[in-house]
Structure formats: structure tokens, C-alpha cells
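Colleague: What follows is target_29.cif, mmCIF, C-alpha atoms.
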```
data_work
loop_
_atom_site.group_PDB
_atom_site.id
_atom_site.type_symbol
_atom_site.label_atom_id
_atom_site.label_comp_id
_atom_site.auth_asym_id
_atom_site.auth_seq_id
_atom_site.Cartn_x
_atom_site.Cartn_y
_atom_site.Cartn_z
ATOM 1 C CA MET A 939 -128.465 -7.960 57.767
ATOM 2 C CA THR A 940 -130.593 -10.179 59.959
ATOM 3 C CA ALA A 941 -133.734 -11.961 58.877
ATOM 4 C CA ALA A 942 -135.755 -9.755 61.227
ATOM 5 C CA SER A 943 -134.356 -6.624 59.562
ATOM 6 C CA ILE A 944 -135.233 -7.930 56.121
ATOM 7 C CA VAL A 945 -138.768 -8.730 57.241
ATOM 8 C CA LEU A 946 -139.114 -5.245 58.768
ATOM 9 C CA ILE A 947 -137.835 -3.546 55.615
ATOM 10 C CA CYS A 948 -140.182 -5.608 53.455
ATOM 11 C CA ALA A 949 -143.096 -4.735 55.734
ATOM 12 C CA ILE A 950 -142.258 -1.020 55.541
ATOM 13 C CA VAL A 951 -142.004 -1.188 51.743
ATOM 14 C CA ILE A 952 -145.360 -2.969 51.509
ATOM 15 C CA VAL A 953 -146.992 -0.385 53.789
ATOM 16 C CA LEU A 954 -145.553 2.488 51.746
ATOM 17 C CA ILE A 955 -146.721 0.929 48.468
ATOM 18 C CA LEU A 956 -150.174 0.282 49.900
ATOM 19 C CA PHE A 957 -150.437 3.814 51.274
ATOM 20 C CA GLY A 958 -149.267 5.267 47.951
ATOM 21 C CA ALA A 959 -151.842 3.194 46.059
ATOM 22 C CA SER A 960 -154.552 4.282 48.474
ATOM 23 C CA MET A 961 -153.629 7.938 48.000
ATOM 24 C CA TYR A 962 -153.811 7.395 44.244
ATOM 25 C CA PHE A 963 -157.304 5.884 44.454
ATOM 26 C CA TYR A 964 -158.444 8.604 46.847
ATOM 27 C CA ASN A 965 -157.232 11.280 44.433
ATOM 28 C CA VAL A 966 -158.813 9.542 41.435
ATOM 29 C CA GLY A 967 -162.177 8.712 42.979
ATOM 30 C CA ILE A 968 -162.876 10.984 45.947
ATOM 31 C CA ARG A 969 -160.824 14.169 45.741
ATOM 32 C CA ARG A 970 -162.469 16.926 43.724
ATOM 33 C CA SER A 971 -160.872 16.710 40.282
ATOM 34 C CA GLN A 972 -161.591 15.966 36.639
ATOM 35 C CA LYS A 973 -162.744 12.350 36.322
ATOM 36 C CA GLU A 974 -161.289 11.537 32.924
ATOM 37 C CA PHE A 975 -161.677 7.789 33.459
ATOM 38 C CA LEU A 976 -165.447 8.183 33.065
ATOM 39 C CA GLU A 977 -164.988 9.168 29.422
ATOM 40 C CA THR A 978 -163.606 5.747 28.527
ATOM 41 C CA ASP A 979 -165.681 3.530 30.813
ATOM 42 C CA PRO A 980 -167.569 1.052 28.577
ATOM 43 C CA ALA A 981 -170.331 0.730 31.196
ATOM 44 C CA LEU A 982 -171.355 4.342 30.603
ATOM 45 C CA VAL A 983 -173.323 4.468 27.372
ATOM 46 C CA LYS A 984 -173.020 7.821 25.652
ATOM 47 C CA VAL A 985 -176.426 8.818 24.314
ATOM 48 C CA ASP A 986 -176.738 11.198 21.365
ATOM 49 C CA HIS A 987 -178.137 13.883 23.648
ATOM 50 C CA PRO A 988 -175.524 13.868 26.449
ATOM 51 C CA TRP A 989 -177.659 13.632 29.538
ATOM 52 C CA GLU A 990 -180.186 15.720 27.641
ATOM 53 C CA MET A 991 -179.673 18.857 29.624
ATOM 54 C CA GLU A 992 -182.683 20.463 27.906
ATOM 55 C CA GLU A 993 -180.548 23.563 27.427
ATOM 56 C CA GLU A 994 -183.111 25.357 25.305
ATOM 57 C CA TRP A 995 -185.888 24.744 27.836
ATOM 58 C CA LEU A 996 -183.621 25.584 30.769
ATOM 59 C CA GLY A 997 -182.444 28.759 29.053
ATOM 60 C CA ASN A 998 -186.040 29.957 28.820
ATOM 61 C CA GLN A 999 -186.768 29.454 32.532
ATOM 62 C CA ALA A 1000 -186.464 32.004 35.303
ATOM 63 C CA VAL A 1001 -183.677 30.071 37.017
ATOM 64 C CA GLU A 1002 -182.653 31.588 40.336
ATOM 65 C CA THR A 1003 -179.220 30.747 41.751
ATOM 66 C CA VAL A 1004 -179.613 30.197 45.499
ATOM 67 C CA HIS A 1005 -177.132 29.609 48.304
ATOM 68 C CA ILE A 1006 -177.171 28.002 51.735
ATOM 69 C CA GLN A 1007 -174.616 26.700 54.207
ATOM 70 C CA GLY A 1008 -174.154 23.070 55.151
ATOM 71 C CA GLU A 1009 -174.087 22.073 58.804
ATOM 72 C CA ASP A 1010 -170.300 22.306 58.688
ATOM 73 C CA GLY A 1011 -170.400 25.823 57.229
ATOM 74 C CA LEU A 1012 -169.643 24.749 53.646
ATOM 75 C CA SER A 1013 -171.110 27.019 50.974
ATOM 76 C CA LEU A 1014 -173.695 25.183 48.841
ATOM 77 C CA THR A 1015 -175.287 26.374 45.605
ATOM 78 C CA GLY A 1016 -178.531 25.350 43.942
ATOM 79 C CA TYR A 1017 -180.777 26.380 41.061
ATOM 80 C CA TYR A 1018 -184.459 27.084 41.681
ATOM 81 C CA ILE A 1019 -187.125 27.086 38.980
ATOM 82 C CA PRO A 1020 -190.583 28.304 40.036
ATOM 83 C CA ALA A 1021 -193.615 26.315 38.928
ATOM 84 C CA PRO A 1022 -195.480 27.653 35.894
ATOM 85 C CA LEU A 1023 -198.654 28.078 38.008
ATOM 86 C CA PRO A 1024 -199.236 28.555 41.760
ATOM 87 C CA SER A 1025 -198.207 25.334 43.504
ATOM 88 C CA ASN A 1026 -197.202 23.972 46.899
ATOM 89 C CA ARG A 1027 -195.214 21.115 45.325
ATOM 90 C CA THR A 1028 -191.431 21.118 45.073
ATOM 91 C CA ALA A 1029 -189.116 18.471 43.622
ATOM 92 C CA ILE A 1030 -185.511 18.455 44.829
ATOM 93 C CA VAL A 1031 -183.632 16.802 41.965
ATOM 94 C CA VAL A 1032 -180.165 15.471 42.832
ATOM 95 C CA HIS A 1033 -177.416 14.846 40.284
ATOM 96 C CA GLY A 1034 -174.870 12.047 40.057
ATOM 97 C CA TYR A 1035 -171.119 11.615 40.373
ATOM 98 C CA ASN A 1036 -169.015 14.250 38.578
ATOM 99 C CA SER A 1037 -172.132 16.088 37.410
ATOM 100 C CA GLN A 1038 -173.885 19.250 38.638
ATOM 101 C CA GLY A 1039 -177.355 20.572 39.303
ATOM 102 C CA ARG A 1040 -177.920 22.268 35.973
ATOM 103 C CA GLU A 1041 -177.297 18.976 34.171
ATOM 104 C CA MET A 1042 -180.585 17.718 35.624
ATOM 105 C CA GLY A 1043 -182.557 19.896 33.219
ATOM 106 C CA ALA A 1044 -184.440 16.972 31.679
ATOM 107 C CA PHE A 1045 -185.804 15.967 35.082
ATOM 108 C CA ALA A 1046 -186.494 19.576 36.028
ATOM 109 C CA LYS A 1047 -188.594 19.900 32.873
ATOM 110 C CA LEU A 1048 -190.443 16.678 33.698
ATOM 111 C CA TYR A 1049 -191.435 17.946 37.156
ATOM 112 C CA SER A 1050 -192.138 21.481 35.986
ATOM 113 C CA GLU A 1051 -194.654 20.089 33.504
ATOM 114 C CA MET A 1052 -196.280 18.270 36.436
ATOM 115 C CA GLY A 1053 -196.759 21.582 38.266
ATOM 116 C CA PHE A 1054 -193.747 21.486 40.592
ATOM 117 C CA HIS A 1055 -191.258 24.071 41.659
ATOM 118 C CA VAL A 1056 -187.830 22.490 41.106
ATOM 119 C CA LEU A 1057 -184.598 22.806 43.058
ATOM 120 C CA MET A 1058 -181.416 21.403 41.491
ATOM 121 C CA PRO A 1059 -178.587 21.556 44.051
ATOM 122 C CA ASP A 1060 -174.897 21.188 43.307
ATOM 123 C CA ASN A 1061 -173.611 18.504 45.666
ATOM 124 C CA ARG A 1062 -170.532 19.320 47.719
ATOM 125 C CA GLY A 1063 -167.408 18.891 45.634
ATOM 126 C CA HIS A 1064 -169.397 19.579 42.444
ATOM 127 C CA GLY A 1065 -170.447 22.574 40.365
ATOM 128 C CA GLN A 1066 -170.519 25.866 42.245
ATOM 129 C CA SER A 1067 -170.751 24.308 45.705
ATOM 130 C CA GLY A 1068 -167.726 24.257 47.976
ATOM 131 C CA GLY A 1069 -165.807 21.225 49.116
ATOM 132 C CA ASN A 1070 -162.654 19.451 47.986
ATOM 133 C CA TYR A 1071 -164.029 15.914 48.109
ATOM 134 C CA ILE A 1072 -166.967 13.848 46.866
ATOM 135 C CA GLY A 1073 -169.251 12.548 49.611
ATOM 136 C CA PHE A 1074 -170.859 9.714 47.606
ATOM 137 C CA GLY A 1075 -174.178 10.703 49.180
ATOM 138 C CA TRP A 1076 -173.156 10.289 52.803
ATOM 139 C CA HIS A 1077 -172.296 13.865 53.746
ATOM 140 C CA ASP A 1078 -174.611 15.059 50.996
ATOM 141 C CA ARG A 1079 -177.600 13.575 52.837
ATOM 142 C CA ARG A 1080 -177.246 16.219 55.542
ATOM 143 C CA ASP A 1081 -176.933 18.903 52.862
ATOM 144 C CA ILE A 1082 -180.220 17.740 51.347
ATOM 145 C CA VAL A 1083 -181.831 18.104 54.793
ATOM 146 C CA GLN A 1084 -180.616 21.721 54.777
ATOM 147 C CA TRP A 1085 -182.105 22.212 51.312
ATOM 148 C CA ILE A 1086 -185.429 20.794 52.545
ATOM 149 C CA HIS A 1087 -185.507 23.441 55.272
ATOM 150 C CA PHE A 1088 -184.659 26.081 52.666
ATOM 151 C CA ILE A 1089 -187.766 25.035 50.704
ATOM 152 C CA LEU A 1090 -189.909 25.113 53.849
ATOM 153 C CA GLU A 1091 -188.750 28.647 54.611
ATOM 154 C CA ARG A 1092 -189.500 29.670 51.062
ATOM 155 C CA SER A 1093 -192.796 27.844 50.491
ATOM 156 C CA GLY A 1094 -194.244 27.652 53.988
ATOM 157 C CA PRO A 1095 -195.647 24.812 56.099
ATOM 158 C CA ASP A 1096 -198.088 23.661 53.402
ATOM 159 C CA ALA A 1097 -195.232 22.650 51.098
ATOM 160 C CA GLN A 1098 -195.199 19.131 49.651
ATOM 161 C CA ILE A 1099 -191.676 17.955 48.836
ATOM 162 C CA ILE A 1100 -190.380 14.972 46.918
ATOM 163 C CA LEU A 1101 -186.753 13.925 46.469
ATOM 164 C CA HIS A 1102 -185.554 12.521 43.132
ATOM 165 C CA GLY A 1103 -181.969 11.421 42.526
ATOM 166 C CA VAL A 1104 -180.086 9.670 39.729
ATOM 167 C CA SER A 1105 -177.025 7.417 40.249
ATOM 168 C CA MET A 1106 -175.042 8.947 43.135
ATOM 169 C CA GLY A 1107 -177.999 11.305 43.463
ATOM 170 C CA GLY A 1108 -180.252 8.272 43.871
ATOM 171 C CA ALA A 1109 -178.017 6.972 46.658
ATOM 172 C CA THR A 1110 -178.020 10.466 48.173
ATOM 173 C CA VAL A 1111 -181.817 10.672 48.437
ATOM 174 C CA LEU A 1112 -181.949 7.128 49.835
ATOM 175 C CA MET A 1113 -179.367 8.029 52.460
ATOM 176 C CA THR A 1114 -181.388 11.158 53.213
ATOM 177 C CA SER A 1115 -184.487 9.010 53.750
ATOM 178 C CA GLY A 1116 -183.067 7.577 56.979
ATOM 179 C CA GLU A 1117 -182.714 11.010 58.589
ATOM 180 C CA GLN A 1118 -185.373 12.724 60.671
ATOM 181 C CA LEU A 1119 -187.262 14.599 57.982
ATOM 182 C CA PRO A 1120 -190.151 17.057 58.188
ATOM 183 C CA ASP A 1121 -193.634 15.736 57.446
ATOM 184 C CA GLN A 1122 -193.690 17.843 54.294
ATOM 185 C CA VAL A 1123 -191.338 15.337 52.618
ATOM 186 C CA LYS A 1124 -193.848 12.961 51.054
ATOM 187 C CA CYS A 1125 -191.934 10.411 48.951
ATOM 188 C CA ILE A 1126 -188.671 9.573 47.186
ATOM 189 C CA VAL A 1127 -187.723 8.542 43.651
ATOM 190 C CA SER A 1128 -184.366 6.792 43.316
ATOM 191 C CA ASP A 1129 -182.995 6.038 39.845
ATOM 192 C CA CYS A 1130 -180.048 3.557 39.542
ATOM 193 C CA ALA A 1131 -178.703 4.009 43.075
ATOM 194 C CA TYR A 1132 -176.021 1.863 44.683
ATOM 195 C CA THR A 1133 -176.467 -0.013 47.945
ATOM 196 C CA SER A 1134 -173.494 1.546 49.765
ATOM 197 C CA VAL A 1135 -170.255 3.403 49.165
ATOM 198 C CA LYS A 1136 -168.286 0.298 50.127
ATOM 199 C CA ASP A 1137 -170.280 -1.902 47.725
ATOM 200 C CA ILE A 1138 -169.934 0.357 44.701
ATOM 201 C CA LEU A 1139 -166.219 0.979 45.236
ATOM 202 C CA THR A 1140 -165.622 -2.749 45.714
ATOM 203 C CA TYR A 1141 -167.429 -3.386 42.436
ATOM 204 C CA GLN A 1142 -165.594 -0.621 40.549
ATOM 205 C CA LEU A 1143 -162.208 -1.705 41.902
ATOM 206 C CA LYS A 1144 -162.813 -5.130 40.414
ATOM 207 C CA GLN A 1145 -164.321 -3.850 37.158
ATOM 208 C CA MET A 1146 -161.770 -1.159 36.395
ATOM 209 C CA TYR A 1147 -158.574 -2.503 37.958
ATOM 210 C CA LYS A 1148 -159.235 -6.245 38.408
ATOM 211 C CA LEU A 1149 -158.275 -5.908 42.083
ATOM 212 C CA PRO A 1150 -159.816 -7.472 45.197
ATOM 213 C CA PRO A 1151 -161.097 -5.092 47.890
ATOM 214 C CA PHE A 1152 -158.613 -6.197 50.556
ATOM 215 C CA PRO A 1153 -156.284 -4.630 51.578
ATOM 216 C CA LEU A 1154 -156.570 -1.588 49.288
ATOM 217 C CA LEU A 1155 -160.151 -0.578 50.054
ATOM 218 C CA PRO A 1156 -159.834 -0.516 53.882
ATOM 219 C CA VAL A 1157 -156.662 1.589 53.678
ATOM 220 C CA THR A 1158 -158.248 3.979 51.157
ATOM 221 C CA SER A 1159 -161.255 4.176 53.489
ATOM 222 C CA LEU A 1160 -158.919 5.259 56.281
ATOM 223 C CA VAL A 1161 -157.394 7.909 54.016
ATOM 224 C CA CYS A 1162 -160.936 9.070 53.202
ATOM 225 C CA LYS A 1163 -161.776 9.330 56.895
ATOM 226 C CA LEU A 1164 -158.656 11.406 57.551
ATOM 227 C CA ARG A 1165 -159.109 13.696 54.549
ATOM 228 C CA ALA A 1166 -162.885 13.783 53.930
ATOM 229 C CA GLY A 1167 -164.330 12.789 57.299
ATOM 230 C CA TYR A 1168 -166.060 9.491 56.525
ATOM 231 C CA PHE A 1169 -165.304 5.783 56.259
ATOM 232 C CA PHE A 1170 -166.708 3.981 53.229
ATOM 233 C CA GLY A 1171 -168.613 1.638 55.529
ATOM 234 C CA GLU A 1172 -170.617 4.550 56.974
ATOM 235 C CA GLY A 1173 -172.321 5.446 53.712
ATOM 236 C CA SER A 1174 -174.999 2.772 53.464
ATOM 237 C CA ALA A 1175 -178.211 3.403 51.534
ATOM 238 C CA LEU A 1176 -179.346 -0.073 52.636
ATOM 239 C CA LYS A 1177 -179.235 0.866 56.320
ATOM 240 C CA GLN A 1178 -180.870 4.228 55.710
ATOM 241 C CA VAL A 1179 -183.851 2.913 53.735
ATOM 242 C CA ALA A 1180 -184.461 0.344 56.463
ATOM 243 C CA ARG A 1181 -184.969 3.245 58.877
ATOM 244 C CA THR A 1182 -187.495 5.188 56.807
ATOM 245 C CA ARG A 1183 -191.243 4.860 56.431
ATOM 246 C CA LEU A 1184 -191.345 7.124 53.399
ATOM 247 C CA PRO A 1185 -192.665 5.617 50.159
ATOM 248 C CA ILE A 1186 -189.880 4.988 47.622
ATOM 249 C CA LEU A 1187 -190.022 4.381 43.881
ATOM 250 C CA PHE A 1188 -186.930 2.424 42.825
ATOM 251 C CA ILE A 1189 -185.928 2.688 39.135
ATOM 252 C CA HIS A 1190 -183.124 0.746 37.467
ATOM 253 C CA GLY A 1191 -182.165 -0.316 33.968
ATOM 254 C CA ASP A 1192 -181.622 -4.055 33.570
ATOM 255 C CA ARG A 1193 -178.522 -3.425 31.406
ATOM 256 C CA ASP A 1194 -176.786 -1.255 33.993
ATOM 257 C CA ALA A 1195 -173.157 -2.365 34.245
ATOM 258 C CA PHE A 1196 -171.891 0.690 36.151
ATOM 259 C CA VAL A 1197 -174.177 0.347 39.171
ATOM 260 C CA PRO A 1198 -175.088 -3.340 38.874
ATOM 261 C CA PHE A 1199 -178.775 -4.039 38.382
ATOM 262 C CA PRO A 1200 -179.103 -6.563 41.295
ATOM 263 C CA MET A 1201 -178.436 -3.726 43.755
ATOM 264 C CA VAL A 1202 -181.946 -2.358 43.204
ATOM 265 C CA HIS A 1203 -183.518 -5.588 44.479
ATOM 266 C CA ARG A 1204 -181.449 -5.446 47.663
ATOM 267 C CA LEU A 1205 -182.481 -1.835 48.225
ATOM 268 C CA ALA A 1206 -186.170 -2.523 47.605
ATOM 269 C CA ALA A 1207 -186.074 -5.527 49.945
ATOM 270 C CA ALA A 1208 -184.503 -3.410 52.698
ATOM 271 C CA ALA A 1209 -186.909 -0.448 52.410
ATOM 272 C CA GLY A 1210 -189.036 0.023 55.506
ATOM 273 C CA GLY A 1211 -191.967 1.855 53.917
ATOM 274 C CA GLU A 1212 -194.211 1.419 50.906
ATOM 275 C CA LYS A 1213 -192.225 0.790 47.746
ATOM 276 C CA ASP A 1214 -192.575 0.356 44.041
ATOM 277 C CA LEU A 1215 -190.061 -1.009 41.524
ATOM 278 C CA TYR A 1216 -189.795 0.117 37.912
ATOM 279 C CA VAL A 1217 -187.319 -1.963 35.898
ATOM 280 C CA VAL A 1218 -186.508 -0.431 32.510
ATOM 281 C CA PRO A 1219 -185.631 -3.083 29.890
ATOM 282 C CA THR A 1220 -182.457 -2.422 27.846
ATOM 283 C CA ALA A 1221 -181.561 0.717 29.843
ATOM 284 C CA ALA A 1222 -177.886 1.217 30.667
ATOM 285 C CA HIS A 1223 -176.694 3.307 33.586
ATOM 286 C CA ALA A 1224 -178.608 6.581 34.084
ATOM 287 C CA ASN A 1225 -180.483 6.111 30.803
ATOM 288 C CA ALA A 1226 -183.857 4.840 32.045
ATOM 289 C CA TYR A 1227 -185.559 8.163 31.296
ATOM 290 C CA PHE A 1228 -184.157 8.385 27.785
ATOM 291 C CA VAL A 1229 -185.178 4.827 26.836
ATOM 292 C CA ASN A 1230 -188.869 5.604 27.310
ATOM 293 C CA LYS A 1231 -189.583 9.169 28.394
ATOM 294 C CA LYS A 1232 -193.349 8.817 28.240
ATOM 295 C CA GLU A 1233 -193.549 5.732 30.456
ATOM 296 C CA TYR A 1234 -190.931 7.125 32.850
ATOM 297 C CA ALA A 1235 -193.000 10.294 33.309
ATOM 298 C CA GLN A 1236 -196.236 8.319 33.709
ATOM 299 C CA ARG A 1237 -194.710 6.026 36.334
ATOM 300 C CA ILE A 1238 -193.467 8.975 38.356
ATOM 301 C CA ALA A 1239 -196.759 10.848 38.063
ATOM 302 C CA ARG A 1240 -198.746 7.807 39.239
ATOM 303 C CA PHE A 1241 -196.382 7.241 42.137
ATOM 304 C CA VAL A 1242 -196.110 10.786 43.499
ATOM 305 C CA ASN A 1243 -199.825 11.485 43.080
ATOM 306 C CA ARG A 1244 -200.550 8.653 45.506
ATOM 307 C CA TYR A 1245 -198.866 10.575 48.290
ATOM 308 C CA LEU A 1246 -199.387 14.243 47.413
ATOM 309 C CA SER A 1247 -202.639 16.097 47.796
ATOM 310 C CA PRO A 1248 -204.046 17.425 44.497
ATOM 311 C CA LEU A 1249 -203.026 20.810 43.185
ATOM 312 C CA PRO A 1250 -205.699 23.451 43.723
ATOM 313 C CA GLU A 1251 -207.893 24.149 40.739
ATOM 314 C CA PRO A 1252 -207.001 27.411 38.978
ATOM 315 C CA ALA A 1253 -209.302 30.223 40.002
ATOM 316 C CA LYS A 1254 -211.996 30.884 37.411
ATOM 317 C CA SER A 1255 -212.498 34.458 36.362
ATOM 318 C CA GLU A 1256 -215.938 35.890 37.025
ATOM 319 C CA PRO A 1257 -218.014 36.550 33.905
ATOM 320 C CA VAL A 1258 -218.350 40.178 32.960
ATOM 321 C CA VAL A 1259 -221.940 41.343 33.379
#
```
Re-express the file's structure as C-alpha cells.

Modeller:
Amino acid sequence: MTAASIVLICAIVIVLILFGASMYFYNVGIRRSQKEFLETDPALVKVDHPWEMEEEWLGNQAVETVHIQGEDGLSLTGYYIPAPLPSNRTAIVVHGYNSQGREMGAFAKLYSEMGFHVLMPDNRGHGQSGGNYIGFGWHDRRDIVQWIHFILERSGPDAQIILHGVSMGGATVLMTSGEQLPDQVKCIVSDCAYTSVKDILTYQLKQMYKLPPFPLLPVTSLVCKLRAGYFFGEGSALKQVARTRLPILFIHGDRDAFVPFPMVHRLAAAAGGEKDLYVVPTAAHANAYFVNKKEYAQRIARFVNRYLSPLPEPAKSEPVV
């Protein structure tokens, strides 16, 4: 066997190993499947009330299951909770990785108590929505645009809409911000979002597997493009927030080791519109609300009320003569 043949065989073996590893990481991280690795990740603090779904409160609401189609024809499902009193305000509350809309009950309750209708969509590849892959916010941003139009059809042109997302949901609403949105979208709240798909996967590859990004990440990105329709480098919240003029409230816990805390400063610096930053001391990933519910709610109320017109006063009944 010649030296050239040996080199060729070695190159083929390396390519096959690299492709096999990339398929493994695609299946673990991007293909729709159970994400068992999240259960043992030390960066994800398990609170006593797991994501505080507010099951009792949610169970007492008139939750309507609603359906739309994405631009690519994919069936999408969401959960709509009407406001307790007449209102033109709607909060679209977006869940994180490996979660689903109904697990955003704590945030739905928060906005409902502020007089909002609430829509909790299942992202593609999650819950009752279709899709065999996770979009990490990139394809989901176009789905959120479709949900915005659903709200406009339901509530009319006087609707006032805010977007609130947590973790991957935070990245999703930031990626949505760079799209051409109707004027009825007034502001965005992003809790513990990552800067880009490439950045967060680079970080997790190092944290979980002690591996450098090259060459595994570019090859997995190619697999993702072939199977899910996007390269990791496309999904940039940084680039999208630079394009928007919408006001954004950035929230992040300073003990977040799953989506590293410094990412929030890069996002806030890149944002093209008015912005506010709420750093929550001692909060781990996706736990900012649970560390201090009262302050979290007050911060959001102060922020959104800057950009939304006041709710109409309830009509007073005429005195009986």
C-alpha cells in the first residue's frame, strides 16, 4: 500500500468519524427528542416549584387551544387566555428549549394580573406544534410573526402587543425584533437570552464535552442546514437587535452558567432602540422571576407602561334614581 493510499484511507476515516459525531450532536441537540442531558446539567438549578407552572391558576382559566400555520405550512399550536377585563393588550409569552407553552403559566399569570390577554405558543419541535427539529429561535422568529398577525386578526388594529421570552424564548423574541413588525408591537422583554445559536452551541460544546468548536461545530451546522434548513451562523440575536428600534428590557441572572451572564451585556450594547437592563443577583438560569417575583413584576410593569397607552377606565354604572 502506497503512502498516498494510507493518507487517503486516513482522511476517509477521519471524515466518517467527524460526520458520525456531527450526526450524534445533531440528534442530541437539534432533532426533536427527549433531552435527558438537561436533567443532569449542573448549570440548571432545580427549584422546588419546577418552573412554577401555576397549574392551579392555569386550571382555573378559560384557556383556548388555538392553531395557525407557519409560512412553510407547519401546524403550530398555542394557548390563549383572555384578559380578566376588557383590554387591548396582549402578551405573547415564549418558552425555552425543550419546554412548551403551557409551562409558561407563571408568566401568563403575571401578565393576566396586569390586564393582558396572554398567548403561549408551542415553538416548532415542541409541545403540540409540528416539526421534527428545534429552531433555536431562528425559524421560530417567523412563527412569532405569524402569531402576531393572529392576534391582530383577533383583537383588531387597536391591539397593543408585547413579546416576552425566557432562555431560547428570549433569543426567539430578540430574533423576531429584527423582522418587519406591525406598529402594534410595542416592546420586548428578553429573559436570559443567548447572543446567537453559534455562540451558545460553542459554549455548551466546551462546557458539556470539553471540545473546541472546530471542526465539529461547522460540520454539525452543515448537517443542520441539510436536515433543518438553517446554518448555526444564521441565527444571530445580536444582528437582529441591531436592526430594531423597538424598546427592549434585558433580564439576566448574574449566576447563570447555562447561558453565560456576559452575553446580556453584548446584546444590550448591540440593541438599536431604547433599552433597559435588569440584572438579578444570585439568579441561575431561567430563575430570575423566582428569586424575586415582586421586583420582577414591578420592573416589567414599569417598562411596558412606558410604551403602552393606559387601559381604559372601567365603565361606571349609572346610579339608580

Colleague: With 12 Å as the threshold, what does the neighbourhood of (-193.6, 18.2, 37.7) contain in terms of residues, counting all atoms listed in the file? Coordinates are those of the file; answer as JSON, numbers by chain.

Modeller: {"A": [1019, 1020, 1021, 1022, 1023, 1025, 1026, 1027, 1028, 1029, 1030, 1031, 1044, 1045, 1046, 1047, 1048, 1049, 1050, 1051, 1052, 1053, 1054, 1055, 1056, 1057, 1099, 1100, 1101, 1102, 1235, 1236, 1238, 1239, 1240, 1242, 1243, 1246, 1249]}

Colleague: Name the residues in contact with A:Val1157 at a cut-off of 9 Å, using all atoms listed in the file, excluding same-chain residues fewer than 4 positions from it; report them as a PDB file with C-alpha atoms, in the coordinates of the input.

Modeller:
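Result file around.pdb:
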```pdb
ATOM      1  CA  LEU A 956    -150.174   0.282  49.900  1.00  0.00           C
ATOM      2  CA  PHE A 957    -150.437   3.814  51.274  1.00  0.00           C
ATOM      3  CA  SER A 960    -154.552   4.282  48.474  1.00  0.00           C
ATOM      4  CA  PHE A1152    -158.613  -6.197  50.556  1.00  0.00           C
ATOM      5  CA  PRO A1153    -156.284  -4.630  51.578  1.00  0.00           C
ATOM      6  CA  VAL A1161    -157.394   7.909  54.016  1.00  0.00           C
ATOM      7  CA  CYS A1162    -160.936   9.070  53.202  1.00  0.00           C
TER       8      CYS A1162
END
```

Colleague: Please measure the separation of atom CA of A:Thr1003 and atom CA of A:Tyr1018, giving the value in Å to one decimal.

Modeller: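 So the answer is 6.4 Å.
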
Colleague: With all atoms listed in the file as the basis for distance, which of A:Cys1125, A:Ala1131, A:Val1229, A:Leu1149 is at the shortest distance from A:Pro1198?

Modeller: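 So, comparing all the options, the nearest one is A:Ala1131.
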
Colleague: With only C-alpha atoms counted and 7 Å as the cut-off, give the residues of stretch 1095-1195 of chain A in contact with stretch 1220-1226 of chain A, each with its shortest interatomic distance in Å and the pair that gives it, as JSON lines.

Modeller:
```
{"residue": "A:Val1104", "atom": "CA", "partner": "A:Ala1224", "partner_atom": "CA", "distance": 6.6}
{"residue": "A:Ser1105", "atom": "CA", "partner": "A:Ala1224", "partner_atom": "CA", "distance": 6.4}
{"residue": "A:Cys1130", "atom": "CA", "partner": "A:Ala1224", "partner_atom": "CA", "distance": 6.4}
{"residue": "A:His1190", "atom": "CA", "partner": "A:Ala1226", "partner_atom": "CA", "distance": 6.8}
{"residue": "A:Gly1191", "atom": "CA", "partner": "A:Ala1221", "partner_atom": "CA", "distance": 4.3}
{"residue": "A:Asp1192", "atom": "CA", "partner": "A:Thr1220", "partner_atom": "CA", "distance": 6.0}
{"residue": "A:Arg1193", "atom": "CA", "partner": "A:Ala1222", "partner_atom": "CA", "distance": 4.7}
{"residue": "A:Asp1194", "atom": "CA", "partner": "A:Ala1222", "partner_atom": "CA", "distance": 4.3}
{"residue": "A:Ala1195", "atom": "CA", "partner": "A:His1223", "partner_atom": "CA", "distance": 6.7}
```

Colleague: Within 6 Å of (-165.3, 1.7, 41.4) in the file's own coordinates, which protein, DNA or RNA residues have an atom, counting all atoms listed in the file? List them as a list in words.

Modeller: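 Final list of nearby residues, as requested, is Ile1138, Leu1139, Tyr1141, Gln1142 and Leu1143 of chain A.
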
Colleague: Taking the file as I've supplied it (selection: the PyMOL selection byres ((chain A and resi 1034) around 6)), which residues are included? Please answer as JSON, numbers by chain.

Modeller: {"A": [1033, 1035, 1037, 1104, 1105, 1106, 1107]}

Colleague: Taking all atoms listed in the file into account, which of A:Gly1063, A:Val1004, A:Val966, A:Glu993 comes nearest A:Glu1041?

Modeller: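 Among the listed residues, A:Glu993 lies closest to A:Glu1041.
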
Colleague: For the structure shown, which residues end up in the PyMOL selection byres ((chain A and resi 1013) around 9)? Put them as a list of chain:residue names, please?

Modeller: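 Answer for the PyMOL selection byres ((chain A and resi 1013) around 9): A:His1005, A:Ile1006, A:Gln1007, A:Gly1008, A:Gly1011, A:Leu1012, A:Leu1014, A:Thr1015, A:Arg1062, A:Gln1066, A:Ser1067, A:Gly1068, A:Gly1069.
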
Colleague: Take the residues from that selection and put them in a file with C-alpha atoms, as a PDB file, keeping the file's coordinate frame.

Modeller:
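Written out: part_21.pdb:
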```
ATOM      1  CA  HIS A1005    -177.132  29.609  48.304  1.00  0.00           C
ATOM      2  CA  ILE A1006    -177.171  28.002  51.735  1.00  0.00           C
ATOM      3  CA  GLN A1007    -174.616  26.700  54.207  1.00  0.00           C
ATOM      4  CA  GLY A1008    -174.154  23.070  55.151  1.00  0.00           C
ATOM      5  CA  GLY A1011    -170.400  25.823  57.229  1.00  0.00           C
ATOM      6  CA  LEU A1012    -169.643  24.749  53.646  1.00  0.00           C
ATOM      7  CA  LEU A1014    -173.695  25.183  48.841  1.00  0.00           C
ATOM      8  CA  THR A1015    -175.287  26.374  45.605  1.00  0.00           C
ATOM      9  CA  ARG A1062    -170.532  19.320  47.719  1.00  0.00           C
ATOM     10  CA  GLN A1066    -170.519  25.866  42.245  1.00  0.00           C
ATOM     11  CA  SER A1067    -170.751  24.308  45.705  1.00  0.00           C
ATOM     12  CA  GLY A1068    -167.726  24.257  47.976  1.00  0.00           C
ATOM     13  CA  GLY A1069    -165.807  21.225  49.116  1.00  0.00           C
TER      14      GLY A1069
END
```

Colleague: Tell me which residues the PyMOL selection byres ((chain A and resi 1132) around 10) grabs here, as a PyMOL selection string.

Modeller: chain A and resi 1074+1105-1110+1112+1128-1131+1133-1139+1174-1176+1196-1202+1204-1205

Colleague: At what distance in Å, to one decimal, does atom CA of A:Val1032 lie from atom CA of A:Pro1059?

Modeller: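 Separation between atom CA of A:Pro1059 and atom CA of A:Val1032: 6.4 Å.
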